[in-house]
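Peer 1: Questions regarding the structure given below will be posed in turn.
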Amino acid sequence: MKLTRPWSLRELVQDLRQGRTTPEAASRRALARIAETDADLRAWVELVAFQPGTGVLGGVPLGVKDIIDLAGLPTRCGSALRAEATPATADAAILTEWRAAGAIPLGKTVTTEFAFFAPGPTLNPAVPGHTPGGSSSGSAVAVASGQVPLALGSQTAGSVTRPASYCGVASLVMSHGRYPVTGVTGLSPSLDSHGVFAATAADLAIAWPALTGEPAQELRPPRVLVWSAAALDVVEAPMRHALTQAAKRLQEAGAIVEPFRDERLMAELTAAHPVVMAYEAARERTAELAVAERLSAPLAQLLQAGAGTSADEYETARATIADGSARLAEMFDAYDVVLGPAAPGAAPRGLEATGNPVLSRGWQALGLPVVALPGFTDAAGLPLGLQLVGRHGGEDELLGHACWAERVLAGDSW
């Protein structure tokens with residue numbers, strides 16, 4: 001049984017629109033694939049009965065991360081504290097929007113505890129024995145294995161981009177504040193962002209206009225800044241090679257490619273991010289902090305660290321982010337996207353941790369949209385993802401550039 005077999009959203013939407021399949025048949029296909037593979041992968045928490053819907057997507061099966069309210073199911077947040085949670089009475093605001101776009105929720109996908117670091121039971125279909133990443137592990141795996149063509153995640157540090165890279169799929173992290181987080185159990189109000197997984201950037205470019213009405217159009221070859229993350233000293237040799245070769249290929253195809261030179265700025269933003277996250281999480285999750293002994297060690301440590309963070313430390317970190325945001329806005333006046341590694345390397349071996357989110361922290365602090373591009377592997381065949389970062393609120397442009405880059409880079413193995 002092949003566990004990695006993504007399902008093309010583009011092809012499914014075409015089949016739905018042209019009458020070659022139906023929403024009911026698409027849901028049956030999804031459920032059959034889950035029945036075939038999920039005993040091995042454990043991407044799902046609970047499924048729901050088929051509910052017909054209308055919209056541009058026409059009945060696409062959708063996975064929903066289990067920090068996002070889905071009416072009729074409890075939101076357990078991957079935590080024993082929520083094991084007896086009562087069913088949600090209404091959908092989260094973002095899920096309401098996806099329903100209106102024509103997506104049909106199939107059920108809840110596994111999350112790490114309260115979307116932090118403690119792994120859930122989910123396994124990586126692309127690399128058995130290696131982490132699928134987190135915290136949106138179930139959604140990334142559900143797409144990578146072909147259980148659904150579309151799944152929702154969330155990102156506070158690297159919870160969408162990193163699992164996409166590790167599992168070999170595409171993802172979009174939306175600009176912070178692009179949609180409300182009502183009905184989502186978050187950690188850090190100034191950092192929490194919505195995300196979505198699909199097989200390819202081209203599939204994301206189908207989903208985005210269905211959700212927003214904003215077309216994702218392919219544009220001229222972009223002006224690209226290449227961020228090596230050298231100052232963070234975490235990027236492994238195969239990922240450095242992939243980034244170098246990708247930049248070369250984009251330049252040969254007509255892109256303007258120059259190095260991102262303000263490494264110190266990104267190092268400062270990367271350091272500011274966990275200060276803000278911990279401080280806000282301790283205040284957002286006060287009930288959980290009060291019973292920290294019942295939490296996983298990583299989450300308890302985060303909340304306790306945040307409780308011990310002073311207001312002055314928090315405000316200093318926020319000021320660093322505000323300054324960085326202004327400086328990056330000036331860069332985006334001259335360039336279209338930043339290209340960089342989506343993770344330090346391929347998915348680490350073992351299931352005791354979810355990998356290092358450090359390469360997403362600075363961009364997440366800025367609240368910028370990010371597309372993870374799949375299709376790259378190391379010498380052993382393990383997936384490697386690159387990330388494209390765009391200007392705030394510029395998801396339509398970013399997806400256009402991502403589709404162009406995806407076609408240029410298609411099929412490369414480094």
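Ordering of the structure tokens sets the chain letters (A, B, ...), residue numbers begin anew at 1 in every chain, and ligands are numbered from 1 in the order given.
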Would you mind writing down, as a VMD selection string, each residue of segment 42-195 of chain A that DSSP on the backbone assigns to helix (DSSP H, G or I)?
Peer 2: chain A and resid 80 to 82 93 to 100 113 to 115 137 to 144 161 to 167
Peer 1: When you count only C-alpha atoms, which of these residues is closest to Gly324 of chain A: A:Met266, A:Ala287, A:Ala205, A:Leu295?
Peer 2: A:Met266
Peer 1: Using only C-alpha atoms, find the one residue out of A:Val370, A:Ala140, A:Val127, A:Ala71 that sits nearest to Leu399 of chain A.
Peer 2: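 Nearest to Leu399 of chain A: A:Val370.
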Peer 1: Which residues, written as number ranges by chain, have at least one atom at most 10 Å from Glu263 of chain A, with only C-alpha atoms counted and residues fewer than 4 positions away on the same chain left out?
Peer 2: A: 227-232, 267-269
Peer 1: Excluding Val110 of chain A and residues on its chain fewer than 2 positions from it, collect all residues at most 8 Å away from it, counting only C-alpha atoms, and give them as a PyMOL selection string.
Peer 2: chain A and resi 42-45+65-66+78+108+112+120-122+136-139
Peer 1: Keeping only N, CA, C and O atoms, write the selected residues as a compact mmCIF listing (two decimals), in the first residue's frame.
Peer 2:
# COMPACT_ATOMS: atom_id res chain seq x y z
N ARG A 42 -2.93 7.42 11.43
CA ARG A 42 -3.57 8.04 12.60
C ARG A 42 -3.64 9.55 12.47
O ARG A 42 -3.25 10.29 13.38
N ALA A 43 -4.17 10.00 11.36
CA ALA A 43 -4.30 11.44 11.10
C ALA A 43 -5.60 12.02 11.63
O ALA A 43 -5.70 13.24 11.79
N TRP A 44 -6.59 11.18 11.90
CA TRP A 44 -7.93 11.65 12.23
C TRP A 44 -8.29 11.38 13.68
O TRP A 44 -7.92 10.34 14.24
N VAL A 45 -9.04 12.31 14.26
CA VAL A 45 -9.58 12.15 15.60
C VAL A 45 -10.99 11.58 15.53
O VAL A 45 -11.33 10.63 16.24
N LYS A 65 -8.43 20.81 11.53
CA LYS A 65 -7.54 20.64 12.68
C LYS A 65 -8.34 20.76 13.98
O LYS A 65 -9.18 21.65 14.13
N ASP A 66 -8.02 19.91 14.92
CA ASP A 66 -8.82 19.81 16.14
C ASP A 66 -8.51 20.87 17.18
O ASP A 66 -8.52 20.61 18.38
N GLY A 78 -6.09 17.97 21.18
CA GLY A 78 -5.01 17.03 21.40
C GLY A 78 -4.60 16.89 22.84
O GLY A 78 -3.49 16.46 23.13
N LYS A 108 -12.36 15.82 12.19
CA LYS A 108 -11.27 16.47 12.89
C LYS A 108 -9.96 15.73 12.69
O LYS A 108 -9.89 14.50 12.83
N THR A 112 -1.06 18.50 17.80
CA THR A 112 -0.28 18.39 19.03
C THR A 112 -1.05 19.10 20.14
O THR A 112 -1.99 19.85 19.88
N GLY A 120 1.34 14.21 18.70
CA GLY A 120 0.19 13.32 18.73
C GLY A 120 0.59 11.97 18.16
O GLY A 120 1.78 11.67 17.97
N PRO A 121 -0.38 11.13 17.82
CA PRO A 121 -0.09 9.78 17.36
C PRO A 121 0.19 9.68 15.86
O PRO A 121 0.47 8.59 15.36
N THR A 122 0.14 10.80 15.13
CA THR A 122 0.18 10.76 13.67
C THR A 122 1.58 10.42 13.15
O THR A 122 2.59 10.89 13.68
N SER A 136 0.14 21.03 13.11
CA SER A 136 -0.95 20.62 12.21
C SER A 136 -0.62 19.29 11.54
O SER A 136 -0.76 19.13 10.33
N SER A 137 -0.21 18.32 12.35
CA SER A 137 0.29 17.06 11.81
C SER A 137 -0.79 16.28 11.09
O SER A 137 -0.57 15.76 9.99
N GLY A 138 -1.98 16.15 11.67
CA GLY A 138 -3.03 15.38 11.05
C GLY A 138 -3.46 15.93 9.71
O GLY A 138 -3.68 15.17 8.75
N SER A 139 -3.57 17.23 9.61
CA SER A 139 -4.00 17.85 8.35
C SER A 139 -2.95 17.66 7.25
O SER A 139 -3.29 17.37 6.10
